[in-house]
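Dumped protein.pdb below, it's PDB, C-alpha atoms:
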ATOM      1  CA  MET A  18    -106.424 -29.317 -12.980  1.00  0.00           C
ATOM      2  CA  THR A  19    -104.004 -27.372 -10.800  1.00  0.00           C
ATOM      3  CA  ALA A  20    -101.144 -25.323 -12.198  1.00  0.00           C
ATOM      4  CA  LEU A  21     -98.679 -27.973 -11.047  1.00  0.00           C
ATOM      5  CA  GLU A  22    -100.695 -30.772 -12.672  1.00  0.00           C
ATOM      6  CA  LEU A  23    -100.743 -28.785 -15.911  1.00  0.00           C
ATOM      7  CA  LEU A  24     -96.957 -28.431 -15.849  1.00  0.00           C
ATOM      8  CA  LEU A  25     -96.357 -32.071 -14.953  1.00  0.00           C
ATOM      9  CA  HIS A  26     -98.722 -33.492 -17.577  1.00  0.00           C
ATOM     10  CA  ARG A  27     -98.026 -31.174 -20.522  1.00  0.00           C
ATOM     11  CA  GLN A  28     -97.257 -32.943 -23.754  1.00  0.00           C
ATOM     12  CA  SER A  29     -97.415 -32.087 -27.410  1.00  0.00           C
ATOM     13  CA  ASN A  30    -100.180 -33.468 -29.573  1.00  0.00           C
ATOM     14  CA  GLY A  31     -99.994 -33.195 -33.339  1.00  0.00           C
ATOM     15  CA  PHE A  32    -103.605 -34.306 -33.868  1.00  0.00           C
ATOM     16  CA  LEU A  33    -105.262 -30.889 -33.884  1.00  0.00           C
ATOM     17  CA  THR A  34    -108.482 -29.712 -35.458  1.00  0.00           C
ATOM     18  CA  SER A  35    -111.012 -26.882 -35.101  1.00  0.00           C
ATOM     19  CA  PRO A  36    -111.919 -25.022 -33.086  1.00  0.00           C
ATOM     20  CA  ALA A  37    -108.952 -22.887 -32.176  1.00  0.00           C
ATOM     21  CA  PRO A  38    -109.089 -20.444 -29.273  1.00  0.00           C
ATOM     22  CA  ASN A  39    -111.624 -17.643 -29.637  1.00  0.00           C
ATOM     23  CA  GLU A  40    -110.616 -13.983 -29.326  1.00  0.00           C
ATOM     24  CA  THR A  41    -111.180 -13.822 -25.550  1.00  0.00           C
ATOM     25  CA  GLN A  42    -109.142 -16.981 -24.982  1.00  0.00           C
ATOM     26  CA  LEU A  43    -106.445 -15.721 -27.342  1.00  0.00           C
ATOM     27  CA  GLN A  44    -106.167 -12.469 -25.374  1.00  0.00           C
ATOM     28  CA  GLN A  45    -105.554 -14.505 -22.214  1.00  0.00           C
ATOM     29  CA  ILE A  46    -102.984 -16.649 -24.012  1.00  0.00           C
ATOM     30  CA  MET A  47    -101.122 -13.580 -25.205  1.00  0.00           C
ATOM     31  CA  ALA A  48    -101.315 -11.983 -21.747  1.00  0.00           C
ATOM     32  CA  ALA A  49     -99.520 -15.069 -20.408  1.00  0.00           C
ATOM     33  CA  ALA A  50     -96.754 -14.475 -22.951  1.00  0.00           C
ATOM     34  CA  ARG A  51     -96.260 -10.967 -21.590  1.00  0.00           C
ATOM     35  CA  ALA A  52     -95.934 -12.274 -18.014  1.00  0.00           C
ATOM     36  CA  VAL A  53     -92.663 -14.152 -18.604  1.00  0.00           C
ATOM     37  CA  PRO A  54     -89.322 -13.199 -17.034  1.00  0.00           C
ATOM     38  CA  ASP A  55     -88.012 -10.292 -19.099  1.00  0.00           C
ATOM     39  CA  HIS A  56     -84.849  -8.539 -17.892  1.00  0.00           C
ATOM     40  CA  ALA A  57     -85.239  -4.773 -18.381  1.00  0.00           C
ATOM     41  CA  GLY A  58     -88.752  -5.252 -19.807  1.00  0.00           C
ATOM     42  CA  LEU A  59     -87.461  -5.371 -23.372  1.00  0.00           C
ATOM     43  CA  ALA A  60     -90.221  -7.612 -24.761  1.00  0.00           C
ATOM     44  CA  PRO A  61     -87.687  -9.170 -27.168  1.00  0.00           C
ATOM     45  CA  PHE A  62     -90.260 -11.092 -29.170  1.00  0.00           C
ATOM     46  CA  LYS A  63     -92.875 -10.806 -31.875  1.00  0.00           C
ATOM     47  CA  PHE A  64     -95.927 -12.987 -32.439  1.00  0.00           C
ATOM     48  CA  HIS A  65     -97.643 -13.776 -35.733  1.00  0.00           C
ATOM     49  CA  ILE A  66    -101.096 -15.222 -35.094  1.00  0.00           C
ATOM     50  CA  ILE A  67    -102.114 -17.089 -38.229  1.00  0.00           C
ATOM     51  CA  SER A  68    -105.487 -18.705 -38.904  1.00  0.00           C
ATOM     52  CA  GLY A  69    -108.131 -18.887 -41.613  1.00  0.00           C
ATOM     53  CA  ASP A  70    -106.865 -17.644 -44.978  1.00  0.00           C
ATOM     54  CA  GLY A  71    -103.569 -16.700 -43.330  1.00  0.00           C
ATOM     55  CA  LEU A  72    -102.737 -20.412 -43.278  1.00  0.00           C
ATOM     56  CA  ILE A  73    -102.930 -20.443 -47.087  1.00  0.00           C
ATOM     57  CA  ARG A  74    -100.346 -17.648 -47.271  1.00  0.00           C
ATOM     58  CA  LEU A  75     -98.133 -19.441 -44.716  1.00  0.00           C
ATOM     59  CA  SER A  76     -98.329 -22.581 -46.861  1.00  0.00           C
ATOM     60  CA  GLU A  77     -97.260 -20.566 -49.918  1.00  0.00           C
ATOM     61  CA  ILE A  78     -94.267 -19.213 -47.984  1.00  0.00           C
ATOM     62  CA  TYR A  79     -93.252 -22.742 -46.938  1.00  0.00           C
ATOM     63  CA  VAL A  80     -93.481 -23.962 -50.531  1.00  0.00           C
ATOM     64  CA  GLU A  81     -91.452 -20.991 -51.783  1.00  0.00           C
ATOM     65  CA  ALA A  82     -88.742 -21.812 -49.207  1.00  0.00           C
ATOM     66  CA  CYS A  83     -88.658 -25.464 -50.298  1.00  0.00           C
ATOM     67  CA  LYS A  84     -88.436 -24.611 -53.973  1.00  0.00           C
ATOM     68  CA  ALA A  85     -85.561 -22.210 -53.305  1.00  0.00           C
ATOM     69  CA  LYS A  86     -83.610 -25.110 -51.798  1.00  0.00           C
ATOM     70  CA  ASN A  87     -84.279 -27.186 -54.931  1.00  0.00           C
ATOM     71  CA  THR A  88     -85.923 -29.902 -52.872  1.00  0.00           C
ATOM     72  CA  ASP A  89     -87.764 -32.813 -54.437  1.00  0.00           C
ATOM     73  CA  GLN A  90     -91.496 -32.833 -55.087  1.00  0.00           C
ATOM     74  CA  LEU A  91     -92.169 -35.022 -52.052  1.00  0.00           C
ATOM     75  CA  LYS A  92     -90.771 -32.340 -49.721  1.00  0.00           C
ATOM     76  CA  ILE A  93     -92.656 -29.619 -51.574  1.00  0.00           C
ATOM     77  CA  ASP A  94     -95.900 -31.599 -51.176  1.00  0.00           C
ATOM     78  CA  LYS A  95     -95.169 -31.985 -47.455  1.00  0.00           C
ATOM     79  CA  ALA A  96     -94.467 -28.247 -47.127  1.00  0.00           C
ATOM     80  CA  THR A  97     -97.818 -27.498 -48.778  1.00  0.00           C
ATOM     81  CA  LYS A  98     -99.608 -29.267 -45.905  1.00  0.00           C
ATOM     82  CA  MET A  99     -97.472 -28.067 -42.978  1.00  0.00           C
ATOM     83  CA  ALA A 100     -99.402 -24.853 -42.329  1.00  0.00           C
ATOM     84  CA  PHE A 101    -102.622 -26.827 -41.949  1.00  0.00           C
ATOM     85  CA  ARG A 102    -101.460 -28.980 -39.026  1.00  0.00           C
ATOM     86  CA  ALA A 103    -103.827 -26.996 -36.811  1.00  0.00           C
ATOM     87  CA  PRO A 104    -106.459 -24.285 -37.214  1.00  0.00           C
ATOM     88  CA  MET A 105    -104.105 -21.724 -35.634  1.00  0.00           C
ATOM     89  CA  THR A 106    -100.366 -21.215 -35.737  1.00  0.00           C
ATOM     90  CA  ILE A 107     -98.517 -18.703 -33.627  1.00  0.00           C
ATOM     91  CA  VAL A 108     -95.046 -17.967 -34.918  1.00  0.00           C
ATOM     92  CA  ILE A 109     -92.813 -16.724 -32.134  1.00  0.00           C
ATOM     93  CA  SER A 110     -89.724 -14.801 -33.167  1.00  0.00           C
ATOM     94  CA  SER A 111     -87.080 -12.772 -31.429  1.00  0.00           C
ATOM     95  CA  LYS A 112     -86.993  -9.013 -31.595  1.00  0.00           C
ATOM     96  CA  PHE A 113     -83.551  -8.311 -30.186  1.00  0.00           C
ATOM     97  CA  LYS A 114     -82.878  -4.970 -28.570  1.00  0.00           C
ATOM     98  CA  ASP A 115     -79.471  -3.409 -28.029  1.00  0.00           C
ATOM     99  CA  HIS A 116     -78.985  -3.257 -24.243  1.00  0.00           C
ATOM    100  CA  PRO A 117     -75.773  -3.065 -22.188  1.00  0.00           C
ATOM    101  CA  LYS A 118     -77.034  -5.442 -19.475  1.00  0.00           C
ATOM    102  CA  VAL A 119     -79.205  -7.882 -21.445  1.00  0.00           C
ATOM    103  CA  PRO A 120     -77.259  -9.963 -23.984  1.00  0.00           C
ATOM    104  CA  VAL A 121     -78.919 -11.445 -27.051  1.00  0.00           C
ATOM    105  CA  GLN A 122     -78.895 -15.001 -25.644  1.00  0.00           C
ATOM    106  CA  GLU A 123     -80.856 -13.841 -22.580  1.00  0.00           C
ATOM    107  CA  GLN A 124     -83.392 -12.166 -24.859  1.00  0.00           C
ATOM    108  CA  LEU A 125     -83.707 -15.384 -26.876  1.00  0.00           C
ATOM    109  CA  VAL A 126     -84.432 -17.300 -23.665  1.00  0.00           C
ATOM    110  CA  THR A 127     -87.170 -14.772 -22.863  1.00  0.00           C
ATOM    111  CA  ALA A 128     -88.745 -15.395 -26.282  1.00  0.00           C
ATOM    112  CA  GLY A 129     -88.559 -19.135 -25.535  1.00  0.00           C
ATOM    113  CA  CYS A 130     -90.269 -18.535 -22.193  1.00  0.00           C
ATOM    114  CA  ALA A 131     -93.015 -16.641 -24.028  1.00  0.00           C
ATOM    115  CA  SER A 132     -93.462 -19.658 -26.306  1.00  0.00           C
ATOM    116  CA  GLN A 133     -93.819 -21.947 -23.309  1.00  0.00           C
ATOM    117  CA  ALA A 134     -96.277 -19.559 -21.641  1.00  0.00           C
ATOM    118  CA  ILE A 135     -98.410 -19.454 -24.802  1.00  0.00           C
ATOM    119  CA  GLN A 136     -98.401 -23.237 -24.953  1.00  0.00           C
ATOM    120  CA  MET A 137     -99.325 -23.639 -21.292  1.00  0.00           C
ATOM    121  CA  ALA A 138    -102.055 -20.973 -21.412  1.00  0.00           C
ATOM    122  CA  ALA A 139    -103.623 -22.669 -24.443  1.00  0.00           C
ATOM    123  CA  GLN A 140    -103.499 -26.062 -22.756  1.00  0.00           C
ATOM    124  CA  ALA A 141    -104.929 -24.608 -19.532  1.00  0.00           C
ATOM    125  CA  GLN A 142    -107.967 -23.610 -21.604  1.00  0.00           C
ATOM    126  CA  GLY A 143    -108.385 -27.113 -22.994  1.00  0.00           C
ATOM    127  CA  TYR A 144    -106.521 -26.815 -26.295  1.00  0.00           C
ATOM    128  CA  GLY A 145    -103.850 -29.086 -27.663  1.00  0.00           C
ATOM    129  CA  THR A 146    -100.553 -27.712 -28.877  1.00  0.00           C
ATOM    130  CA  MET A 147     -97.446 -28.725 -30.771  1.00  0.00           C
ATOM    131  CA  TRP A 148     -94.278 -26.619 -30.734  1.00  0.00           C
ATOM    132  CA  ARG A 149     -92.093 -27.160 -33.791  1.00  0.00           C
ATOM    133  CA  THR A 150     -89.084 -25.634 -35.457  1.00  0.00           C
ATOM    134  CA  GLY A 151     -87.336 -27.473 -38.302  1.00  0.00           C
ATOM    135  CA  ASP A 152     -85.963 -26.121 -41.568  1.00  0.00           C
ATOM    136  CA  MET A 153     -88.637 -23.465 -41.917  1.00  0.00           C
ATOM    137  CA  ALA A 154     -87.493 -21.775 -38.690  1.00  0.00           C
ATOM    138  CA  TYR A 155     -84.062 -21.169 -40.225  1.00  0.00           C
ATOM    139  CA  SER A 156     -85.169 -20.105 -43.684  1.00  0.00           C
ATOM    140  CA  ASN A 157     -84.588 -16.474 -44.654  1.00  0.00           C
ATOM    141  CA  ILE A 158     -87.416 -16.843 -47.180  1.00  0.00           C
ATOM    142  CA  VAL A 159     -89.823 -17.790 -44.374  1.00  0.00           C
ATOM    143  CA  LYS A 160     -88.518 -14.936 -42.222  1.00  0.00           C
ATOM    144  CA  SER A 161     -88.923 -12.479 -45.081  1.00  0.00           C
ATOM    145  CA  GLY A 162     -92.431 -13.745 -45.848  1.00  0.00           C
ATOM    146  CA  LEU A 163     -93.372 -13.162 -42.210  1.00  0.00           C
ATOM    147  CA  ASN A 164     -91.679  -9.744 -42.115  1.00  0.00           C
ATOM    148  CA  ILE A 165     -89.043 -10.981 -39.667  1.00  0.00           C
ATOM    149  CA  ASP A 166     -85.541  -9.539 -40.010  1.00  0.00           C
ATOM    150  CA  THR A 167     -83.009 -12.137 -41.137  1.00  0.00           C
ATOM    151  CA  ASP A 168     -80.833 -11.378 -38.097  1.00  0.00           C
ATOM    152  CA  GLU A 169     -83.719 -12.357 -35.801  1.00  0.00           C
ATOM    153  CA  GLU A 170     -84.616 -15.925 -34.840  1.00  0.00           C
ATOM    154  CA  ILE A 171     -87.833 -17.897 -35.253  1.00  0.00           C
ATOM    155  CA  VAL A 172     -88.163 -19.517 -31.848  1.00  0.00           C
ATOM    156  CA  GLY A 173     -90.922 -21.802 -32.984  1.00  0.00           C
ATOM    157  CA  PHE A 174     -94.168 -22.494 -34.743  1.00  0.00           C
ATOM    158  CA  LEU A 175     -96.795 -23.212 -32.113  1.00  0.00           C
ATOM    159  CA  TYR A 176     -99.723 -25.135 -33.571  1.00  0.00           C
ATOM    160  CA  ILE A 177    -102.937 -24.783 -31.535  1.00  0.00           C
ATOM    161  CA  GLY A 178    -106.310 -26.463 -31.834  1.00  0.00           C
ATOM    162  CA  THR A 179    -108.660 -29.002 -30.357  1.00  0.00           C
ATOM    163  CA  GLU A 180    -107.175 -32.448 -29.883  1.00  0.00           C
ATOM    164  CA  SER A 181    -108.789 -34.902 -32.294  1.00  0.00           C
ATOM    165  CA  LYS A 182    -106.980 -37.860 -30.764  1.00  0.00           C
ATOM    166  CA  GLN A 183    -106.001 -38.511 -27.161  1.00  0.00           C
ATOM    167  CA  LEU A 184    -102.394 -39.646 -26.836  1.00  0.00           C
ATOM    168  CA  ALA A 185    -100.995 -42.069 -24.307  1.00  0.00           C
ATOM    169  CA  VAL A 186     -99.260 -40.345 -21.419  1.00  0.00           C
ATOM    170  CA  LYS A 187     -95.625 -39.801 -22.322  1.00  0.00           C
ATOM    171  CA  LYS A 188     -93.088 -41.517 -20.083  1.00  0.00           C
ATOM    172  CA  ARG A 189     -90.747 -38.955 -18.555  1.00  0.00           C
ATOM    173  CA  LYS A 190     -87.109 -39.418 -17.676  1.00  0.00           C
ATOM    174  CA  ASP A 191     -86.312 -39.435 -13.989  1.00  0.00           C
ATOM    175  CA  ALA A 192     -85.381 -35.895 -12.952  1.00  0.00           C
ATOM    176  CA  GLU A 193     -82.600 -37.102 -10.668  1.00  0.00           C
ATOM    177  CA  GLN A 194     -80.357 -37.879 -13.647  1.00  0.00           C
ATOM    178  CA  PHE A 195     -80.248 -34.137 -14.452  1.00  0.00           C
ATOM    179  CA  ILE A 196     -79.644 -32.931 -10.889  1.00  0.00           C
ATOM    180  CA  GLU A 197     -76.409 -32.271  -9.074  1.00  0.00           C
ATOM    181  CA  ARG A 198     -77.016 -31.480  -5.407  1.00  0.00           C
ATOM    182  CA  TRP A 199     -74.822 -29.204  -3.340  1.00  0.00           C
ATOM    183  CA  CYS A 200     -75.930 -29.543   0.265  1.00  0.00           C
TER     184      CYS A 200
END
As C-alpha cells, what does this structure read like?
Amino acid sequence: MTALELLLHRQSNGFLTSPAPNETQLQQIMAAARAVPDHAGLAPFKFHIISGDGLIRLSEIYVEACKAKNTDQLKIDKATKMAFRAPMTIVISSKFKDHPKVPVQEQLVTAGCASQAIQMAAQAQGYGTMWRTGDMAYSNIVKSGLNIDTDEEIVGFLYIGTESKQLAVKKRKDAEQFIERWC
C-alpha cells in the first residue's frame, strides 16, 4: 500500500484485539508523532501509552469519573469496559507552552496532527485504530488520574490493536462540496 492509498483508505475500526504493536513498532509510531508540523519546535503534547495492567488502572479512573458525575449504574458498567476496547490505548494530550508567536490553538492543532500521525503509522504497520474523545476527554478526574494539568486538553484516546473484524469500506463525501476555488 502506498502512502496515498493509506491516507485515502484510512478508517476507524472498533473491533480490536491482541496483539498490539511491539516495542520496535511502537518506537516507529512515536517517531511519526514527532515528525508533525510544529511551529517553533515546542512539542506541545504528551503521550500516555497504556497496555497490560495499565488498562485496569485506566478503567478505574473512568469509573471514578462516572461516579463523580452521579451517573447511573448502566453508564458506570459501560465505563468499566471502555479501557479494554483494545490491547493498547495512547492518550494524547496537549502540553501548552507560553510562546509569543505560537498561540495555544496552533499548539492544539499540532497535538491533533500528532494523533493523526500515530494513527496512520499504526495502520501502516497493519494495526487497526479508533480515535475517540467523549466525556472522559473533558473530565478533570480523568486528567488528574493521568497526571495531566486541568488547563491542558485531552486530544483523544487512540485505541490500537489487531482488527478482529473487517469493516465495509466507508463511503466518503465528495471533496468538491468542501472546496472553494480561486483561479
Output of the PyMOL selection byres ((chain A and resi 74) around 12), listed as a ChimeraX atom specification: /A:67-73,75-81,97-101,159,162-163
Export, as a compact mmCIF listing (two decimals), in the coordinates of the input, the selected residues with C-alpha atoms.
# COMPACT_ATOMS: atom_id res chain seq x y z
CA ILE A 67 -102.11 -17.09 -38.23
CA SER A 68 -105.49 -18.70 -38.90
CA GLY A 69 -108.13 -18.89 -41.61
CA ASP A 70 -106.86 -17.64 -44.98
CA GLY A 71 -103.57 -16.70 -43.33
CA LEU A 72 -102.74 -20.41 -43.28
CA ILE A 73 -102.93 -20.44 -47.09
CA LEU A 75 -98.13 -19.44 -44.72
CA SER A 76 -98.33 -22.58 -46.86
CA GLU A 77 -97.26 -20.57 -49.92
CA ILE A 78 -94.27 -19.21 -47.98
CA TYR A 79 -93.25 -22.74 -46.94
CA VAL A 80 -93.48 -23.96 -50.53
CA GLU A 81 -91.45 -20.99 -51.78
CA THR A 97 -97.82 -27.50 -48.78
CA LYS A 98 -99.61 -29.27 -45.90
CA MET A 99 -97.47 -28.07 -42.98
CA ALA A 100 -99.40 -24.85 -42.33
CA PHE A 101 -102.62 -26.83 -41.95
CA VAL A 159 -89.82 -17.79 -44.37
CA GLY A 162 -92.43 -13.74 -45.85
CA LEU A 163 -93.37 -13.16 -42.21
Got a sec: who's within 10 Å of A:Val186, counting all atoms listed in the file, leaving out chain neighbours fewer than 3 positions off, as a list in words?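 Here the answer would be His26, Arg27, Gln28, Gln183 and Arg189 of chain A.
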Would you list the contacts of stretch 42-59 of chain A as a ChimeraX atom specification, taking every protein, DNA or RNA residue within 10 Å and counting all atoms listed in the file, but skipping same-chain residues closer than 3 positions in sequence? /A:37-39,62,64,66,112-116,118-120,123-124,126-142
All file atoms of stretch 127-143 of chain A boxed axis-aligned, 8 Å per side, centre plus edges, as AutoDock Vina command-line options:
--center_x -97.8 --center_y -20.9 --center_z -22.9 --size_x 37.2 --size_y 28.3 --size_z 22.8
Name the residues captured by the PyMOL selection byres ((chain A and resi 174) around 9) when it is applied to the shown file; answer as a VMD selection string. chain A and resid 106 to 109 132 147 to 150 154 171 to 173 175 to 176
Let me see the file: selected residues, C-alpha atoms, as a PDB file, in the frame of the given file.
ATOM      1  CA  THR A 106    -100.366 -21.215 -35.737  1.00  0.00           C
ATOM      2  CA  ILE A 107     -98.517 -18.703 -33.627  1.00  0.00           C
ATOM      3  CA  VAL A 108     -95.046 -17.967 -34.918  1.00  0.00           C
ATOM      4  CA  ILE A 109     -92.813 -16.724 -32.134  1.00  0.00           C
ATOM      5  CA  SER A 132     -93.462 -19.658 -26.306  1.00  0.00           C
ATOM      6  CA  MET A 147     -97.446 -28.725 -30.771  1.00  0.00           C
ATOM      7  CA  TRP A 148     -94.278 -26.619 -30.734  1.00  0.00           C
ATOM      8  CA  ARG A 149     -92.093 -27.160 -33.791  1.00  0.00           C
ATOM      9  CA  THR A 150     -89.084 -25.634 -35.457  1.00  0.00           C
ATOM     10  CA  ALA A 154     -87.493 -21.775 -38.690  1.00  0.00           C
ATOM     11  CA  ILE A 171     -87.833 -17.897 -35.253  1.00  0.00           C
ATOM     12  CA  VAL A 172     -88.163 -19.517 -31.848  1.00  0.00           C
ATOM     13  CA  GLY A 173     -90.922 -21.802 -32.984  1.00  0.00           C
ATOM     14  CA  LEU A 175     -96.795 -23.212 -32.113  1.00  0.00           C
ATOM     15  CA  TYR A 176     -99.723 -25.135 -33.571  1.00  0.00           C
TER      16      TYR A 176
END
Would you mind reading off the distance between atom CA of A:Arg102 and atom CA of A:Lys182, one decimal, in Å? 13.3 Å
If I take atom CA of A:Asp152 and atom CA of A:Asp94, how far is one from the other in Å, to one decimal? 14.9 Å
Can you tell me, as a list in words, which residues sit within 6 Å of (-104.5, -25.6, -35.7) in the file's frame, using all atoms listed in the file?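 All residues meeting the 6 Å criterion around (-104.5, -25.6, -35.7) are Leu33, Thr34, Arg102, Ala103, Pro104, Met105, Tyr176, Ile177 and Gly178 of chain A.
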Between atom CA of A:Gly143 and atom CA of A:Pro36 - distance in Å to one decimal: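 Distance between the two atoms: 10.9 Å.
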Please provide as a PyMOL selection string all residues within 7 Å of A:Ile93, with the sequence filter that same-chain residues fewer than 5 positions apart are discarded (counting all atoms listed in the file). chain A and resi 80+83-84+88
My list of candidates is A:Asn87, A:Asn30, A:Asp166, A:Met153. Which is closest to A:Ser181 when distances are computed with all atoms listed in the file?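 Of the candidates, the smallest distance to A:Ser181 is held by A:Asn30.
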May I ask which of the residues A:Asn164, A:Asn157, A:Ser110, A:Thr146 is the closest one to A:Ala60, counting all atoms listed in the file? A:Ser110
